[in-house]
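Q: The structure follows.
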Amino acid sequence: MEGLLFNVNNGYIEGIVRGYRNGLLTGQNYNNLIQCETIDDLKLQLGPAYGDFLASLPPNPSTSTLAARTTDKLISEFRYVRANAVGSLAKFMDYLTYGYMIDNVALLITGTLHERDTRELLERCHPLGWFETMPVLCVATNIEELYNSVLIETPLAPYFKGSLSHQDLDELNIEIVRNTLYKNYLEDFHNFVNTDPEMAGTPTAEVMTEILEFEADRRAINITLNSFGTELTKADRKKLYPSFGRLYPEGSFMLSRADDIEGVRIAVDGVGDYKSYFEATGMGQNSTGAGNMSGGTGSEGKSLEDLFYQKEMEISKSAFTRQFTFAIVYAWVKLREQEIRNITWIAECIAQNQKERIGNYISVF
Amino acid sequence: MSGAQNREAVFPTRQSLGLMKAKLKGAQTGHDLLKRKSEALTKRFREITRRIDEAKRKMGRVMQIAAFSLAEVTYAVGGDIGFQVQESAKSARFRVRTKQENVSGVFLPAFESFTTEGNNDFGLTGLGKGGQQVQRCRETYARAVETLVELASLQTAFVILDEVIKVVNRRVNAIEHVIIPRTENTIKYINSELDELDREEFFRLKKVQNKKQRDTAIQDAELKATRDAKAAKENAAGEDDKENEESQDILGEQEDADVIF
């Protein structure tokens with residue numbers, strides 16, 4: 001049924017995105033990349049995929065500029081797709097950018113709290129999270145003004161509403177603010193894909209629900225693991241868990257009471273995937289191995305976060321097996337982001353002569 | 001005299017000879033002491049050089065690991081956390097205190113690093129993802145900074161010791177090659193001058209003696225001559241004058257020629 005009218009509005013976009021997906025680096029490409037001896041070689045190898053964007057780089061560019069240029073390509077492609085999107089797809093893509101907006105807003109709030117020149121902050125913002133009124137944030141000099149005049153106008157306002165007041169912005173750790181916003185955002189996004197008339201009951205809802213649930217679980221697990229040994233209380237921690245996902249509600253509840261990695265392992269036992277990840281990383285057995293890609297020592301196996309990334313990539317890859325869905329846009333952006341991370345990682349390894357860890361990238365094609 | 005220009009301007013007297021001798025002795029003692037100090041410092045200096053070499057190699061390794069762990073953070077967080085970390089850091093967790101170490105009278109500053117507990121400003125950075133890498137990265141960099149602090153205190157000691165050793169060596173050389181030869185020259189000069197004076201004095205005395213002897217001889221001869229003449233005259237005048245003379249001797253107050261024995 002959804003296939004009947006999908007292509008009227010969105011067929012072109014789907015075609016474009018599938019084209020972009022074919023442009024992603026494959027395992028063969030990565031094999032060539034890791035053979036490179038210098039960044040220049042790497043640049044040459046990336047030529048077919050990123051030619052225009054890397055052409056203006058000076059010889060032997062730094063890895064950060066390399067990452068910036070590869071991101072530029074993603075941005076320009078995303079903007080093109082967004083410009084051609086209509087209706088629900090446009091809304092869907094806006095939702096996609098909210099996540100980056102949250103990062104940008106968190107950055108600006110930090111800057112404002114420390115009375116930094118917000119103009120220089122704007123340069124550091126992620127271009128995908130750019131919104132019309134963002135430069136206005138520069139005008140605001142204190143948090144209350146920022147909240148009342150600027151944030152209230154942004155699409156993020158509903159995420160602030162009900163869970164954060166402007167006093168909170170002053171007092172709470174910015175990282176908690178960011179995670180609260182992100183939690184609200186995930187819930188809202190989840191709600192959106194499942195209730196929007198154009199999407200509810202379509203493959204979009206199906207695929208997106210899977211992706212978002214995974215994202216929610218991943219955040220919950222990560223927050224729990226990372227909060228051990230910090231001043232974050234269990235009650236506060238519980239507020240940061242999204243209220244959906246495969247772990248919700250029992251798993252989340254158990255996570256909120258977990259004191260150590262063993263507790264987390266028990267909490268996620270109910271979900272086969274996560275359980276196997278914990279077993280793969282050996283985190284259930286020895287609690288010292290909490291590290292992921294641990295610095296220099298005993299990094300023979302994949303870390304939990306690596307496995308999460310791997311899983312995310314696999315979900316994204318399988319999203320392309322479905323027809324008539326907006327989820328491929330989301331999947332494409334995620335795949336492309338991972339690709340940028342991979343390129344940066346390989347470039348770092350080459351630049352720092354740490355070839356033994358170069359194979360740590362995640363490639364699914 | 002060859003050392004004429006290379007000596008101190010003193011009058012060649014016995015007193016200044018004494019002074020010079022004391023000075024020479026002082027200079028030699030000082031030379032010995034400074035030489036020993038310089039050797040002690042050089043020993044220390046070599047040790048520090050060796051440790052700097054070690055520390056630099058260690059720094060190279062540690063910094064490489066640290067830079068790599070930052071790369072891991074970038075990979076895991078997927079963005080730039082630098083700004084956030086900068087902003088959330090309020091007070092220093094890693095601090096340095098200095099103390100002094102005395103090496104042969106030279107004060108070398110030594111830096112000692114320590115971490116203040118319970119000061120975990122960016123403990124929540126990367127809460128959503130990559131938090132463990134952030135923590136690990138922080139630990140790695142703390143280790144790197146520790147190495148840097150160690151290296152810094154070694155380098156400071158190196159520079160100071162270098163300076164001091166130069167000064168001490170300059171002094172040793174100055175004493176050995178300037179002051180001691182000069183004092184020795186002066187002593188030699190004073191000695192020679194004093195000898196000269198002695199010889200002059202001796203010669204003068206000799207001369208005086210000679211002259212005296214000559215004078216006495218002449219006088220002796222004269223006296224002898226007058227005596228002889230007198231004796232002859234008396235013999236010639238005979239007895240007639242005898243009474244006269246006797247009366248004269250008794251009555252007259254007239255003077256007689258001096259009798260020289």
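By convention here, the chains of the structure tokens are called A, B, ... in the order presented, each chain's residues are numbered starting at 1, and ligands are numbered starting at 1 in the order presented.
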Quick one: which chain A residues come within 6 Å of chain B, and what is the nearest atom pair for each with the distance in Å to one decimal, counting only C-alpha atoms, rows ordered by chain and ascending number, as CSV?
A:
```
residue,atom,partner,partner_atom,distance
A:Arg219,CA,B:Gly128,CA,5.7
A:Asn222,CA,B:Lys129,CA,6.0
A:Ile223,CA,B:Leu127,CA,5.3
A:Asn226,CA,B:Gly131,CA,5.5
A:Gly295,CA,B:Ser69,CA,5.7
A:Arg341,CA,B:Tyr75,CA,5.7
```
Q: Got time to write the residues from that selection, C-alpha atoms, as an mmCIF file, in the first residue's frame?
A:
```cif
data_model
loop_
_atom_site.group_PDB
_atom_site.id
_atom_site.type_symbol
_atom_site.label_atom_id
_atom_site.label_comp_id
_atom_site.auth_asym_id
_atom_site.auth_seq_id
_atom_site.Cartn_x
_atom_site.Cartn_y
_atom_site.Cartn_z
ATOM 1 C CA ARG A 219 22.803 5.381 25.564
ATOM 2 C CA ASN A 222 26.802 3.758 28.175
ATOM 3 C CA ILE A 223 25.532 6.278 30.663
ATOM 4 C CA ASN A 226 30.364 5.818 32.383
ATOM 5 C CA GLY A 295 44.964 2.484 25.340
ATOM 6 C CA ARG A 341 35.426 8.217 11.807
#
```
Q: Show me, as a list in words, the residues that have an atom within 8 Å of range 77-86 of chain A when counting only C-alpha atoms, minus same-chain residues fewer than 6 positions from it.
A: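 The neighbour list is Asn9, Asn10, Ile13, Ile16, Val17, Met93 and Val333 of chain A.
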Q: Which value, in Å to one decimal, gives the distance between CA of Ile315 in chain A and CA of Ala106 in chain A?
A: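 According to the coordinates, CA of Ile315 in chain A and CA of Ala106 in chain A are separated by 28.3 Å.
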Q: To test your reading of the structure, identify every residue in range 39-182 of chain B that backbone DSSP assigns to helix (DSSP H, G or I), and report it as a ChimeraX atom specification.
A: /B:39-77,82-88,131-182
Q: Please identify all polymer residues within 12 Å of range 24-29 of chain A, counting only C-alpha atoms, omitting same-chain residues fewer than 5 positions from it, and present them as a ChimeraX atom specification.
A: /A:17-19,34-36,42,44-50,70,73-74,317,331-340,342-343,359,361-365
Q: Check the DSSP output for the backbone and give back, as a PDB file with all heavy atoms, in the first residue's frame, the residues of range 12-231 of chain B in strand (DSSP E).
A:
```
ATOM      1  N   PHE B  94      46.269  18.511  38.780  1.00  0.00           N
ATOM      2  CA  PHE B  94      47.663  18.092  38.756  1.00  0.00           C
ATOM      3  C   PHE B  94      48.516  19.288  39.150  1.00  0.00           C
ATOM      4  O   PHE B  94      48.509  20.305  38.472  1.00  0.00           O
ATOM      5  CB  PHE B  94      48.002  17.639  37.343  1.00  0.00           C
ATOM      6  CG  PHE B  94      49.306  16.908  37.240  1.00  0.00           C
ATOM      7  CD1 PHE B  94      49.357  15.539  37.350  1.00  0.00           C
ATOM      8  CD2 PHE B  94      50.473  17.599  37.041  1.00  0.00           C
ATOM      9  CE1 PHE B  94      50.552  14.875  37.262  1.00  0.00           C
ATOM     10  CE2 PHE B  94      51.669  16.939  36.947  1.00  0.00           C
ATOM     11  CZ  PHE B  94      51.709  15.574  37.056  1.00  0.00           C
ATOM     12  N   ARG B  95      49.201  19.197  40.257  1.00  0.00           N
ATOM     13  CA  ARG B  95      49.972  20.346  40.713  1.00  0.00           C
ATOM     14  C   ARG B  95      51.441  20.001  40.866  1.00  0.00           C
ATOM     15  O   ARG B  95      51.823  18.847  40.959  1.00  0.00           O
ATOM     16  CB  ARG B  95      49.428  20.858  42.042  1.00  0.00           C
ATOM     17  CG  ARG B  95      48.051  21.477  41.862  1.00  0.00           C
ATOM     18  CD  ARG B  95      47.375  21.637  43.171  1.00  0.00           C
ATOM     19  NE  ARG B  95      45.951  21.822  42.958  1.00  0.00           N
ATOM     20  CZ  ARG B  95      45.279  22.844  43.449  1.00  0.00           C
ATOM     21  NH1 ARG B  95      45.868  23.750  44.147  1.00  0.00           N
ATOM     22  NH2 ARG B  95      43.993  22.964  43.206  1.00  0.00           N
ATOM     23  N   VAL B  96      52.231  21.060  40.964  1.00  0.00           N
ATOM     24  CA  VAL B  96      53.669  20.885  41.057  1.00  0.00           C
ATOM     25  C   VAL B  96      54.188  21.692  42.232  1.00  0.00           C
ATOM     26  O   VAL B  96      53.762  22.819  42.441  1.00  0.00           O
ATOM     27  CB  VAL B  96      54.354  21.385  39.767  1.00  0.00           C
ATOM     28  CG1 VAL B  96      55.863  21.382  39.930  1.00  0.00           C
ATOM     29  CG2 VAL B  96      53.970  20.523  38.591  1.00  0.00           C
ATOM     30  N   ARG B  97      55.024  21.064  43.058  1.00  0.00           N
ATOM     31  CA  ARG B  97      55.677  21.859  44.089  1.00  0.00           C
ATOM     32  C   ARG B  97      57.195  21.754  43.900  1.00  0.00           C
ATOM     33  O   ARG B  97      57.700  20.801  43.329  1.00  0.00           O
ATOM     34  CB  ARG B  97      55.266  21.391  45.479  1.00  0.00           C
ATOM     35  CG  ARG B  97      55.727  20.032  45.893  1.00  0.00           C
ATOM     36  CD  ARG B  97      55.589  19.886  47.412  1.00  0.00           C
ATOM     37  NE  ARG B  97      54.251  19.494  47.822  1.00  0.00           N
ATOM     38  CZ  ARG B  97      53.846  18.218  47.943  1.00  0.00           C
ATOM     39  NH1 ARG B  97      54.656  17.238  47.635  1.00  0.00           N
ATOM     40  NH2 ARG B  97      52.633  17.929  48.357  1.00  0.00           N
ATOM     41  N   THR B  98      57.882  22.772  44.371  1.00  0.00           N
ATOM     42  CA  THR B  98      59.327  22.744  44.181  1.00  0.00           C
ATOM     43  C   THR B  98      60.025  22.591  45.515  1.00  0.00           C
ATOM     44  O   THR B  98      59.515  23.004  46.554  1.00  0.00           O
ATOM     45  CB  THR B  98      59.850  24.042  43.557  1.00  0.00           C
ATOM     46  OG1 THR B  98      59.545  25.114  44.433  1.00  0.00           O
ATOM     47  CG2 THR B  98      59.250  24.295  42.219  1.00  0.00           C
ATOM     48  N   LYS B  99      61.173  21.970  45.485  1.00  0.00           N
ATOM     49  CA  LYS B  99      62.025  21.931  46.664  1.00  0.00           C
ATOM     50  C   LYS B  99      63.452  22.110  46.183  1.00  0.00           C
ATOM     51  O   LYS B  99      63.722  22.037  44.981  1.00  0.00           O
ATOM     52  CB  LYS B  99      61.838  20.642  47.429  1.00  0.00           C
ATOM     53  CG  LYS B  99      62.101  19.417  46.587  1.00  0.00           C
ATOM     54  CD  LYS B  99      61.934  18.167  47.392  1.00  0.00           C
ATOM     55  CE  LYS B  99      62.380  16.980  46.584  1.00  0.00           C
ATOM     56  NZ  LYS B  99      62.190  15.716  47.211  1.00  0.00           N
ATOM     57  N   GLN B 100      64.349  22.369  47.174  1.00  0.00           N
ATOM     58  CA  GLN B 100      65.709  22.636  46.759  1.00  0.00           C
ATOM     59  C   GLN B 100      66.611  21.506  47.169  1.00  0.00           C
ATOM     60  O   GLN B 100      66.435  20.878  48.203  1.00  0.00           O
ATOM     61  CB  GLN B 100      66.194  23.932  47.376  1.00  0.00           C
ATOM     62  CG  GLN B 100      65.616  25.119  46.642  1.00  0.00           C
ATOM     63  CD  GLN B 100      66.316  26.377  47.037  1.00  0.00           C
ATOM     64  OE1 GLN B 100      66.674  26.547  48.179  1.00  0.00           O
ATOM     65  NE2 GLN B 100      66.512  27.262  46.097  1.00  0.00           N
ATOM     66  N   GLU B 101      67.593  21.290  46.352  1.00  0.00           N
ATOM     67  CA  GLU B 101      68.539  20.230  46.622  1.00  0.00           C
ATOM     68  C   GLU B 101      69.913  20.869  46.599  1.00  0.00           C
ATOM     69  O   GLU B 101      70.221  21.669  45.715  1.00  0.00           O
ATOM     70  CB  GLU B 101      68.422  19.178  45.528  1.00  0.00           C
ATOM     71  CG  GLU B 101      68.937  17.836  45.937  1.00  0.00           C
ATOM     72  CD  GLU B 101      68.817  16.891  44.757  1.00  0.00           C
ATOM     73  OE1 GLU B 101      68.012  17.169  43.855  1.00  0.00           O
ATOM     74  OE2 GLU B 101      69.542  15.907  44.740  1.00  0.00           O
ATOM     75  N   ASN B 102      70.735  20.513  47.576  1.00  0.00           N
ATOM     76  CA  ASN B 102      72.038  21.148  47.670  1.00  0.00           C
ATOM     77  C   ASN B 102      73.126  20.197  47.156  1.00  0.00           C
ATOM     78  O   ASN B 102      73.339  19.135  47.705  1.00  0.00           O
ATOM     79  CB  ASN B 102      72.304  21.512  49.136  1.00  0.00           C
ATOM     80  CG  ASN B 102      73.484  22.420  49.264  1.00  0.00           C
ATOM     81  OD1 ASN B 102      74.273  22.532  48.335  1.00  0.00           O
ATOM     82  ND2 ASN B 102      73.580  23.078  50.398  1.00  0.00           N
ATOM     83  N   VAL B 103      73.782  20.613  46.083  1.00  0.00           N
ATOM     84  CA  VAL B 103      74.886  19.825  45.559  1.00  0.00           C
ATOM     85  C   VAL B 103      76.138  20.688  45.629  1.00  0.00           C
ATOM     86  O   VAL B 103      76.274  21.642  44.881  1.00  0.00           O
ATOM     87  CB  VAL B 103      74.626  19.410  44.107  1.00  0.00           C
ATOM     88  CG1 VAL B 103      75.780  18.581  43.601  1.00  0.00           C
ATOM     89  CG2 VAL B 103      73.345  18.644  44.001  1.00  0.00           C
ATOM     90  N   VAL B 106      75.548  24.279  45.584  1.00  0.00           N
ATOM     91  CA  VAL B 106      74.707  24.805  44.520  1.00  0.00           C
ATOM     92  C   VAL B 106      73.280  24.370  44.793  1.00  0.00           C
ATOM     93  O   VAL B 106      73.032  23.188  45.028  1.00  0.00           O
ATOM     94  CB  VAL B 106      75.146  24.266  43.150  1.00  0.00           C
ATOM     95  CG1 VAL B 106      74.341  24.921  42.064  1.00  0.00           C
ATOM     96  CG2 VAL B 106      76.616  24.506  42.954  1.00  0.00           C
ATOM     97  N   PHE B 107      72.353  25.296  44.754  1.00  0.00           N
ATOM     98  CA  PHE B 107      70.951  24.942  45.011  1.00  0.00           C
ATOM     99  C   PHE B 107      70.262  24.612  43.711  1.00  0.00           C
ATOM    100  O   PHE B 107      70.134  25.462  42.838  1.00  0.00           O
ATOM    101  CB  PHE B 107      70.236  26.075  45.731  1.00  0.00           C
ATOM    102  CG  PHE B 107      70.656  26.184  47.155  1.00  0.00           C
ATOM    103  CD1 PHE B 107      71.540  27.168  47.561  1.00  0.00           C
ATOM    104  CD2 PHE B 107      70.201  25.284  48.101  1.00  0.00           C
ATOM    105  CE1 PHE B 107      71.951  27.257  48.867  1.00  0.00           C
ATOM    106  CE2 PHE B 107      70.605  25.368  49.415  1.00  0.00           C
ATOM    107  CZ  PHE B 107      71.476  26.354  49.800  1.00  0.00           C
ATOM    108  N   LEU B 108      69.841  23.365  43.603  1.00  0.00           N
ATOM    109  CA  LEU B 108      69.131  22.949  42.404  1.00  0.00           C
ATOM    110  C   LEU B 108      67.655  22.810  42.738  1.00  0.00           C
ATOM    111  O   LEU B 108      67.303  22.125  43.696  1.00  0.00           O
ATOM    112  CB  LEU B 108      69.661  21.599  41.922  1.00  0.00           C
ATOM    113  CG  LEU B 108      71.125  21.542  41.539  1.00  0.00           C
ATOM    114  CD1 LEU B 108      71.500  20.128  41.153  1.00  0.00           C
ATOM    115  CD2 LEU B 108      71.402  22.479  40.411  1.00  0.00           C
ATOM    116  N   PRO B 109      66.778  23.444  41.952  1.00  0.00           N
ATOM    117  CA  PRO B 109      65.360  23.249  42.202  1.00  0.00           C
ATOM    118  C   PRO B 109      64.909  21.894  41.670  1.00  0.00           C
ATOM    119  O   PRO B 109      65.335  21.470  40.600  1.00  0.00           O
ATOM    120  CB  PRO B 109      64.713  24.389  41.412  1.00  0.00           C
ATOM    121  CG  PRO B 109      65.668  24.676  40.332  1.00  0.00           C
ATOM    122  CD  PRO B 109      67.045  24.336  40.835  1.00  0.00           C
ATOM    123  N   ALA B 110      64.085  21.207  42.437  1.00  0.00           N
ATOM    124  CA  ALA B 110      63.538  19.942  41.968  1.00  0.00           C
ATOM    125  C   ALA B 110      62.021  20.059  42.011  1.00  0.00           C
ATOM    126  O   ALA B 110      61.458  20.483  43.017  1.00  0.00           O
ATOM    127  CB  ALA B 110      64.004  18.807  42.858  1.00  0.00           C
ATOM    128  N   PHE B 111      61.376  19.731  40.904  1.00  0.00           N
ATOM    129  CA  PHE B 111      59.916  19.818  40.856  1.00  0.00           C
ATOM    130  C   PHE B 111      59.318  18.469  41.205  1.00  0.00           C
ATOM    131  O   PHE B 111      59.803  17.431  40.782  1.00  0.00           O
ATOM    132  CB  PHE B 111      59.445  20.238  39.472  1.00  0.00           C
ATOM    133  CG  PHE B 111      60.006  21.545  39.036  1.00  0.00           C
ATOM    134  CD1 PHE B 111      60.907  21.617  37.997  1.00  0.00           C
ATOM    135  CD2 PHE B 111      59.657  22.701  39.694  1.00  0.00           C
ATOM    136  CE1 PHE B 111      61.442  22.820  37.612  1.00  0.00           C
ATOM    137  CE2 PHE B 111      60.183  23.912  39.308  1.00  0.00           C
ATOM    138  CZ  PHE B 111      61.081  23.972  38.270  1.00  0.00           C
ATOM    139  N   GLU B 112      58.252  18.545  41.945  1.00  0.00           N
ATOM    140  CA  GLU B 112      57.629  17.311  42.383  1.00  0.00           C
ATOM    141  C   GLU B 112      56.157  17.439  42.042  1.00  0.00           C
ATOM    142  O   GLU B 112      55.524  18.456  42.361  1.00  0.00           O
ATOM    143  CB  GLU B 112      57.816  17.194  43.882  1.00  0.00           C
ATOM    144  CG  GLU B 112      57.658  15.814  44.421  1.00  0.00           C
ATOM    145  CD  GLU B 112      57.810  15.839  45.918  1.00  0.00           C
ATOM    146  OE1 GLU B 112      58.864  16.329  46.380  1.00  0.00           O
ATOM    147  OE2 GLU B 112      56.894  15.435  46.610  1.00  0.00           O
ATOM    148  N   SER B 113      55.599  16.448  41.381  1.00  0.00           N
ATOM    149  CA  SER B 113      54.206  16.578  40.965  1.00  0.00           C
ATOM    150  C   SER B 113      53.313  15.770  41.898  1.00  0.00           C
ATOM    151  O   SER B 113      53.726  14.762  42.447  1.00  0.00           O
ATOM    152  CB  SER B 113      54.055  16.066  39.538  1.00  0.00           C
ATOM    153  OG  SER B 113      54.543  14.768  39.450  1.00  0.00           O
ATOM    154  N   PHE B 114      52.124  16.258  42.097  1.00  0.00           N
ATOM    155  CA  PHE B 114      51.161  15.486  42.872  1.00  0.00           C
ATOM    156  C   PHE B 114      49.765  15.844  42.387  1.00  0.00           C
ATOM    157  O   PHE B 114      49.542  16.916  41.819  1.00  0.00           O
ATOM    158  CB  PHE B 114      51.305  15.790  44.360  1.00  0.00           C
ATOM    159  CG  PHE B 114      51.007  17.210  44.731  1.00  0.00           C
ATOM    160  CD1 PHE B 114      49.786  17.549  45.293  1.00  0.00           C
ATOM    161  CD2 PHE B 114      51.941  18.201  44.499  1.00  0.00           C
ATOM    162  CE1 PHE B 114      49.517  18.861  45.623  1.00  0.00           C
ATOM    163  CE2 PHE B 114      51.673  19.521  44.838  1.00  0.00           C
ATOM    164  CZ  PHE B 114      50.467  19.835  45.401  1.00  0.00           C
ATOM    165  N   THR B 115      48.834  14.928  42.586  1.00  0.00           N
ATOM    166  CA  THR B 115      47.471  15.206  42.151  1.00  0.00           C
ATOM    167  C   THR B 115      46.612  15.460  43.379  1.00  0.00           C
ATOM    168  O   THR B 115      46.742  14.784  44.394  1.00  0.00           O
ATOM    169  CB  THR B 115      46.885  14.022  41.368  1.00  0.00           C
ATOM    170  OG1 THR B 115      47.182  12.849  42.112  1.00  0.00           O
ATOM    171  CG2 THR B 115      47.499  13.904  40.004  1.00  0.00           C
TER     172      THR B 115
END
```
Q: Go ahead and compute the interatomic distance for CA of Ala174 in chain B and CA of His31 in chain B, in Å to one decimal.
A: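 Atom-to-atom, CA of Ala174 in chain B and CA of His31 in chain B are spaced 9.2 Å apart.
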Q: Identify, on the basis of only C-alpha atoms, every residue whose closest approach to Leu24 in chain B does not exceed 9 Å; exclude the query and any residue fewer than 4 positions from it along the same chain; express the result as a PyMOL selection string.
A: chain B and resi 19-20+28-29+179-180+183-184
Q: If you count only C-alpha atoms, which residues fall within 8 Å of Thr344 in chain A, apart from same-chain ones fewer than 6 positions away, as a PyMOL selection string?
A: (chain A and resi 63-64+66-67) or (chain B and resi 75)
